[in-house]
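S.K.: The following file, protein.cif, comprises mmCIF, C-alpha atoms:
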data_model
loop_
_atom_site.label_atom_id
_atom_site.label_comp_id
_atom_site.auth_asym_id
_atom_site.auth_seq_id
_atom_site.Cartn_x
_atom_site.Cartn_y
_atom_site.Cartn_z
CA GLY K 52 33.85 84.72 -47.08
CA ALA K 53 34.79 87.85 -49.02
CA LEU K 54 32.18 89.85 -47.12
CA VAL K 55 33.58 88.72 -43.78
CA TRP K 56 37.11 89.68 -44.78
CA ALA K 57 35.89 93.07 -46.03
CA PHE K 58 34.52 93.88 -42.59
CA TRP K 59 37.28 92.05 -40.67
CA PRO K 60 39.11 95.21 -39.41
CA GLU K 61 35.85 96.53 -37.92
CA ILE K 62 34.96 93.13 -36.45
CA ARG K 63 38.38 92.75 -34.86
CA SER K 64 38.17 96.31 -33.47
CA ARG K 65 34.82 95.52 -31.83
CA ILE K 66 36.19 92.31 -30.35
CA ARG K 67 39.07 94.22 -28.82
CA ASP K 68 36.64 96.79 -27.41
CA LEU K 69 34.81 93.91 -25.72
CA GLN K 70 38.10 92.61 -24.38
CA THR K 71 38.93 96.03 -22.91
CA ALA K 72 35.50 96.33 -21.32
CA TRP K 73 35.84 92.84 -19.85
CA GLN K 74 39.20 93.72 -18.33
CA HIS K 75 37.56 96.38 -16.19
CA LYS K 76 35.50 93.66 -14.50
CA ASN K 77 38.69 92.37 -12.90
CA VAL K 78 40.98 94.05 -10.41
CA VAL K 79 44.34 95.02 -11.90
CA GLU K 80 47.01 96.85 -9.96
CA GLU K 81 50.78 97.23 -10.16
CA VAL K 82 53.01 95.81 -7.43
CA THR K 83 56.77 95.71 -6.94
CA ILE K 84 58.83 92.55 -6.55
CA PRO K 85 62.35 93.38 -5.37
CA SER K 86 64.79 92.05 -7.95
CA THR K 87 67.01 90.79 -5.11
CA ASN K 88 64.33 88.29 -4.13
CA GLU K 89 63.02 87.47 -7.59
CA PRO K 90 65.77 87.76 -10.24
CA ASP K 91 63.45 86.93 -13.11
CA ALA K 92 61.33 89.95 -12.21
CA ALA K 93 64.02 92.42 -13.26
CA ASP K 94 63.40 94.10 -16.57
CA LYS K 95 65.86 94.32 -19.47
CA ASP K 96 67.64 97.27 -17.87
CA GLY K 97 68.10 95.44 -14.57
CA LYS K 98 65.55 97.61 -12.79
CA GLU K 99 63.00 96.28 -10.35
CA ALA K 100 59.93 94.85 -11.99
CA HIS K 101 56.46 96.24 -11.48
CA PRO K 102 54.21 93.33 -12.41
CA HIS K 103 50.47 93.59 -12.44
CA ARG K 104 48.52 91.91 -9.69
CA VAL K 105 45.39 90.38 -11.18
CA SER K 106 42.42 89.24 -9.13
CA PHE K 107 39.26 87.78 -10.63
CA GLN K 108 35.86 88.66 -9.28
CA GLY K 109 34.21 85.63 -7.72
CA SER K 110 37.50 83.71 -7.60
CA ASP K 111 40.44 83.38 -5.22
CA LEU K 112 42.89 83.38 -8.14
CA ASP K 113 45.56 85.97 -7.43
CA LEU K 114 48.23 86.32 -10.09
CA LEU K 115 51.32 88.43 -10.59
CA VAL K 116 51.88 89.17 -14.28
CA TYR K 117 55.18 90.48 -15.59
CA ASP K 118 55.53 93.07 -18.32
CA GLU K 119 55.70 91.46 -21.78
CA VAL K 120 53.43 88.62 -20.60
CA HIS K 121 49.81 88.56 -21.73
CA LEU K 122 47.47 89.87 -19.04
CA PRO K 123 44.82 87.18 -18.40
CA THR K 124 42.10 89.77 -17.90
CA SER K 125 40.78 90.04 -21.43
CA PHE K 126 37.63 88.40 -22.69
CA ASP K 127 39.60 85.62 -24.42
CA SER K 128 41.15 84.44 -21.15
CA GLU K 129 37.81 84.52 -19.36
CA LEU K 130 36.24 82.54 -22.20
CA PHE K 131 38.90 79.85 -21.99
CA LEU K 132 38.56 79.56 -18.23
CA ALA K 133 34.81 79.21 -18.70
CA ALA K 134 35.46 76.47 -21.26
CA LEU K 135 37.53 74.61 -18.68
CA GLU K 136 34.71 74.87 -16.17
CA GLU K 137 32.19 73.62 -18.73
CA ASN K 138 34.48 70.75 -19.73
CA PRO K 139 35.96 69.42 -16.47
CA LEU K 140 39.16 67.45 -16.89
CA PRO K 141 39.04 63.68 -16.25
CA PRO K 142 40.07 62.78 -12.68
CA GLY K 143 43.85 62.58 -12.43
CA ALA K 144 44.33 63.59 -16.06
CA SER K 145 47.79 64.32 -17.39
CA VAL K 146 47.73 67.72 -19.04
CA LEU K 147 49.92 69.86 -21.27
CA VAL K 148 49.37 73.61 -21.33
CA ILE K 149 50.85 75.25 -24.42
CA GLY K 150 51.77 78.93 -24.21
CA SER K 151 51.38 79.06 -20.44
CA GLY K 152 51.91 82.83 -20.15
CA SER K 153 51.00 83.94 -16.64
CA GLY K 154 50.10 80.38 -15.66
CA VAL K 155 46.37 80.96 -15.30
CA ASP K 156 45.30 77.94 -17.39
CA ALA K 157 47.83 75.61 -15.76
CA ILE K 158 46.61 76.65 -12.32
CA ALA K 159 42.97 76.16 -13.33
CA ALA K 160 43.79 72.67 -14.64
CA ALA K 161 45.75 71.72 -11.51
CA ARG K 162 42.86 72.85 -9.34
CA GLN K 163 40.74 70.29 -11.16
CA GLY K 164 43.21 67.61 -10.09
CA ALA K 165 45.32 67.45 -13.25
CA ARG K 166 49.07 66.91 -13.28
CA GLY K 167 51.41 67.71 -16.10
CA ASP K 168 53.50 70.28 -17.90
CA ALA K 169 53.17 73.97 -18.71
CA ILE K 170 55.36 75.25 -21.54
CA ASP K 171 56.04 78.55 -23.25
CA ARG K 172 58.63 79.62 -25.80
CA GLY K 173 59.36 82.83 -23.90
CA SER K 174 61.66 82.76 -20.87
CA ARG K 175 59.75 85.64 -19.32
CA ALA K 176 56.46 83.74 -19.52
CA VAL K 177 58.08 80.57 -18.15
CA ALA K 178 59.36 82.49 -15.13
CA ASN K 179 55.93 84.06 -14.69
CA THR K 180 54.12 80.71 -14.83
CA ALA K 181 56.57 79.20 -12.35
CA LEU K 182 56.05 82.13 -9.98
CA ASN K 183 52.27 81.82 -9.97
CA VAL K 184 52.26 78.02 -9.78
CA ASP K 185 54.48 78.31 -6.72
CA ARG K 186 52.32 81.05 -5.20
CA HIS K 187 49.31 78.72 -5.45
CA ASP K 188 51.24 75.75 -3.98
CA LEU K 189 50.88 73.64 -7.10
CA THR K 190 54.53 72.85 -7.87
CA ASP K 191 53.92 69.16 -7.06
CA GLN K 192 51.34 69.02 -9.86
CA ILE K 193 52.67 71.29 -12.59
CA ARG K 194 56.16 71.21 -14.08
CA VAL K 195 57.09 74.44 -15.88
CA PHE K 196 59.78 74.71 -18.53
CA GLN K 197 60.69 76.58 -21.71
CA HIS K 198 59.81 74.78 -24.94
CA ASP K 199 58.80 75.80 -28.46
CA GLY K 200 56.24 73.54 -30.14
CA LEU K 201 55.57 69.90 -29.29
CA GLU K 202 58.63 68.11 -30.62
CA GLY K 203 60.32 65.96 -27.99
CA LEU K 204 57.38 65.96 -25.59
CA GLY K 205 55.49 62.91 -24.38
CA SER K 206 51.78 62.06 -24.46
CA TYR K 207 49.02 63.60 -22.39
CA ASP K 208 45.35 62.95 -21.70
CA VAL K 209 44.46 66.58 -22.39
CA ILE K 210 46.24 69.39 -24.23
CA LEU K 211 45.15 72.96 -23.53
CA TRP K 212 46.01 75.89 -25.74
CA ASN K 213 44.55 79.38 -25.66
CA ALA K 214 46.37 80.27 -28.87
CA PRO K 215 47.29 83.85 -29.82
CA GLU K 216 46.09 85.63 -32.93
CA PRO K 217 47.53 84.27 -36.21
CA THR K 218 49.21 86.85 -38.40
CA THR K 219 51.89 86.83 -41.09
CA GLU K 220 53.53 89.85 -39.48
CA VAL K 221 54.23 88.89 -35.90
CA ILE K 222 55.06 91.99 -33.87
CA ASP K 223 54.23 90.76 -30.37
CA PRO K 224 55.03 87.02 -29.91
CA THR K 225 53.03 86.99 -26.65
CA ALA K 226 49.85 87.94 -28.50
CA GLU K 227 50.38 86.72 -32.08
CA ILE K 228 51.57 83.64 -33.95
CA ASP K 229 52.56 82.89 -37.52
CA PRO K 230 49.77 80.89 -39.24
CA VAL K 231 52.25 78.28 -40.53
CA ARG K 232 53.55 77.61 -37.03
CA LEU K 233 49.98 77.51 -35.68
CA GLN K 234 49.02 74.90 -38.26
CA HIS K 235 52.17 72.87 -37.57
CA ILE K 236 51.42 72.67 -33.84
CA ILE K 237 47.76 71.77 -34.37
CA HIS K 238 48.70 68.99 -36.78
CA ALA K 239 51.18 67.61 -34.24
CA ILE K 240 48.68 67.47 -31.38
CA PRO K 241 47.31 63.94 -32.12
CA GLU K 242 50.82 62.49 -31.77
CA HIS K 243 50.98 63.76 -28.20
CA LEU K 244 47.62 62.54 -26.92
CA THR K 245 46.95 59.28 -25.13
CA PRO K 246 44.20 57.00 -26.57
CA GLY K 247 40.88 58.74 -25.98
CA GLY K 248 42.63 62.00 -25.21
CA TYR K 249 41.47 65.37 -26.45
CA ALA K 250 42.60 68.93 -27.04
CA LEU K 251 40.75 71.98 -25.83
CA PHE K 252 41.94 75.02 -27.70
CA ARG K 253 40.96 78.44 -28.88
CA ILE K 254 42.46 80.70 -31.52
CA SER K 255 42.30 84.43 -30.80
CA PRO K 256 40.40 86.60 -31.59
CA HIS K 257 37.55 84.14 -32.24
CA ASN K 258 35.23 84.02 -29.25
CA LEU K 259 34.66 80.28 -29.33
CA TYR K 260 36.67 77.20 -28.50
CA TRP K 261 37.07 73.70 -29.86
CA LYS K 262 37.14 70.43 -27.95
CA VAL K 263 38.67 67.94 -30.36
CA PHE K 264 39.00 64.21 -29.75
CA PHE K 265 41.64 62.19 -31.58
#
What's the structure tokens form of this structure?

M.R.:
Amino acid sequence: GALVWAFWPEIRSRIRDLQTAWQHKNVVEEVTIPSTNEPDAADKDGKEAHPHRVSFQGSDLDLLVYDEVHLPTSFDSELFLAALEENPLPPGASVLVIGSGSGVDAIAAARQGARGDAIDRGSRAVANTALNVDRHDLTDQIRVFQHDGLEGLGSYDVILWNAPEPTTEVIDPTAEIDPVRLQHIIHAIPEHLTPGGYALFRISPHNLYWKVFF
């Protein structure tokens, strides 16, 4: 354990290099959404937003991603999407997507026939998820709203969470999470799963995921 921690800065740097290299495999460009048509696209100064348009090679997914929302083009996002493909959701499953961000995981789940909720603690991410869910005509399957944690939510067949990197000094809430809060949410997951339900989650920057039955 001590040896791993001694080399952790170098390991994390190499992981991020892989993430950057992976991003170049996708098409990323900036587009403009007039703030008159999309109020949530305006930045903090009231200027027009210039979100990134993200297209994935070999997929018809086409997302618009606002500034301050995690771009789903890094290796961690691709890994989680691959995990969803390797672990198809049960037919008609009810699903909860935690930390919905751009909406990529919610859209992937809905395309497998799931229905449910996509939540994020950031209003910017909530608006972004709602935009992309609407653009993919999935509003009848996915409800999007702002929520922090799991308290007050119902039960679901599957809970999905591509969790950000845990750190005691959170600088970017879209990419990092306090370890205590991370642990609190994970411990609360069983209370929000139906009998036989499971959680599929991943904690950045570890390039593996866990499928946990409760």

S.K.: Can you work out which one of K:Phe131, K:Trp261, K:Phe107, K:Tyr117 has the shortest atom-to-atom distance to K:Ile237, counting all atoms listed in the file?

M.R.: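 Of K:Phe131, K:Trp261, K:Phe107, K:Tyr117, the one nearest K:Ile237, counting all atoms listed in the file, is K:Trp261.
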
S.K.: Convert the output of the PyMOL selection byres ((chain K and resi 151-160) around 8) on the shown file into explicit residues, formatted as a VMD selection string.

M.R.: chain K and resid 114 to 117 120 to 123 132 135 140 146 148 to 150 161 to 166 169 to 171 176 to 177 179 to 181 183 to 184 187 189 193 211 225

S.K.: Using only C-alpha atoms - which residues lie no farther than 10 Å from the point (42.4, 56.7, -21.7) in the file's frame? Write them as a ChimeraX atom specification.

M.R.: /K:141,144,207-208,244-249

S.K.: Written as an mmCIF file with C-alpha atoms, keeping the file's coordinate frame, what is the full residue list that the PyMOL selection byres ((chain K and resi 263) around 7) yields on the file shown?

M.R.:
data_model
loop_
_atom_site.group_PDB
_atom_site.id
_atom_site.type_symbol
_atom_site.label_atom_id
_atom_site.label_comp_id
_atom_site.auth_asym_id
_atom_site.auth_seq_id
_atom_site.Cartn_x
_atom_site.Cartn_y
_atom_site.Cartn_z
ATOM 1 C CA TYR K 249 41.470 65.370 -26.450
ATOM 2 C CA ALA K 250 42.600 68.930 -27.040
ATOM 3 C CA LEU K 251 40.750 71.980 -25.830
ATOM 4 C CA TRP K 261 37.070 73.700 -29.860
ATOM 5 C CA LYS K 262 37.140 70.430 -27.950
ATOM 6 C CA PHE K 264 39.000 64.210 -29.750
ATOM 7 C CA PHE K 265 41.640 62.190 -31.580
#

S.K.: If I take atom CA of K:Glu119 and atom CA of K:Arg175, how far is one from the other in Å, to one decimal?

M.R.: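 Separation of atom CA of K:Glu119 and atom CA of K:Arg175: 7.5 Å.
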
S.K.: Just to confirm, what's the straight-line distance from atom CA of K:Asp191 to atom CA of K:Gly167 in Å (one decimal)?

M.R.: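 Atom CA of K:Asp191 sits 9.5 Å away from atom CA of K:Gly167.
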
S.K.: Suppose you want the space between atom CA of K:Val105 and atom CA of K:Glu137; what is it in Å?

M.R.: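 It comes out at 22.6 Å.
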
S.K.: Using all atoms listed in the file, can you tell me which of K:Arg186, K:His103, K:His198, K:Arg253 comes closest to K:Ser174?

M.R.: K:His198

S.K.: Around all the atoms of stretch 211-214 of chain K listed in the file, draw an axis-aligned box and extend it by 4 Å on each of the six sides; I want its centre and edge lengths in Å to one decimal, as AutoDock Vina command-line options.

M.R.:
--center_x 45.5 --center_y 76.6 --center_z -26.2 --size_x 9.8 --size_y 15.3 --size_z 13.3

S.K.: Within 9 Å of K:Gly200, counting all atoms listed in the file, which residues show up once you throw out same-chain ones fewer than 3 positions away? Write them as a PyMOL selection string, please.

M.R.: chain K and resi 149+170-172+203-204+232+235-236+239

S.K.: With only C-alpha atoms as the atoms that count, which of K:Asp188, K:Ile228, K:Gln197, K:Ile254 lies nearest to K:Ala214?

M.R.: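 That would be K:Ile254, the residue with the smallest distance to K:Ala214.
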
S.K.: Any idea what's packed within 10 Å of K:Thr219, counting all atoms listed in the file, ignoring anything in its chain fewer than 3 positions away? Could you give it as an NGL selection string?

M.R.: :K and (222 or 227-231)

S.K.: Between K:Gly205, K:Pro139, K:Gly173, K:Pro102, which one has atoms that come closest to K:Pro241, using only C-alpha atoms?

M.R.: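 Ranking K:Gly205, K:Pro139, K:Gly173, K:Pro102 by distance to K:Pro241, first place goes to K:Gly205.
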
S.K.: Calculated over only C-alpha atoms, which of the candidates K:Glu242, K:Asp185, K:Glu216, K:Asp223 has the smallest distance to K:Leu201?

M.R.: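 Using only C-alpha atoms, K:Leu201 sits closest to K:Glu242.
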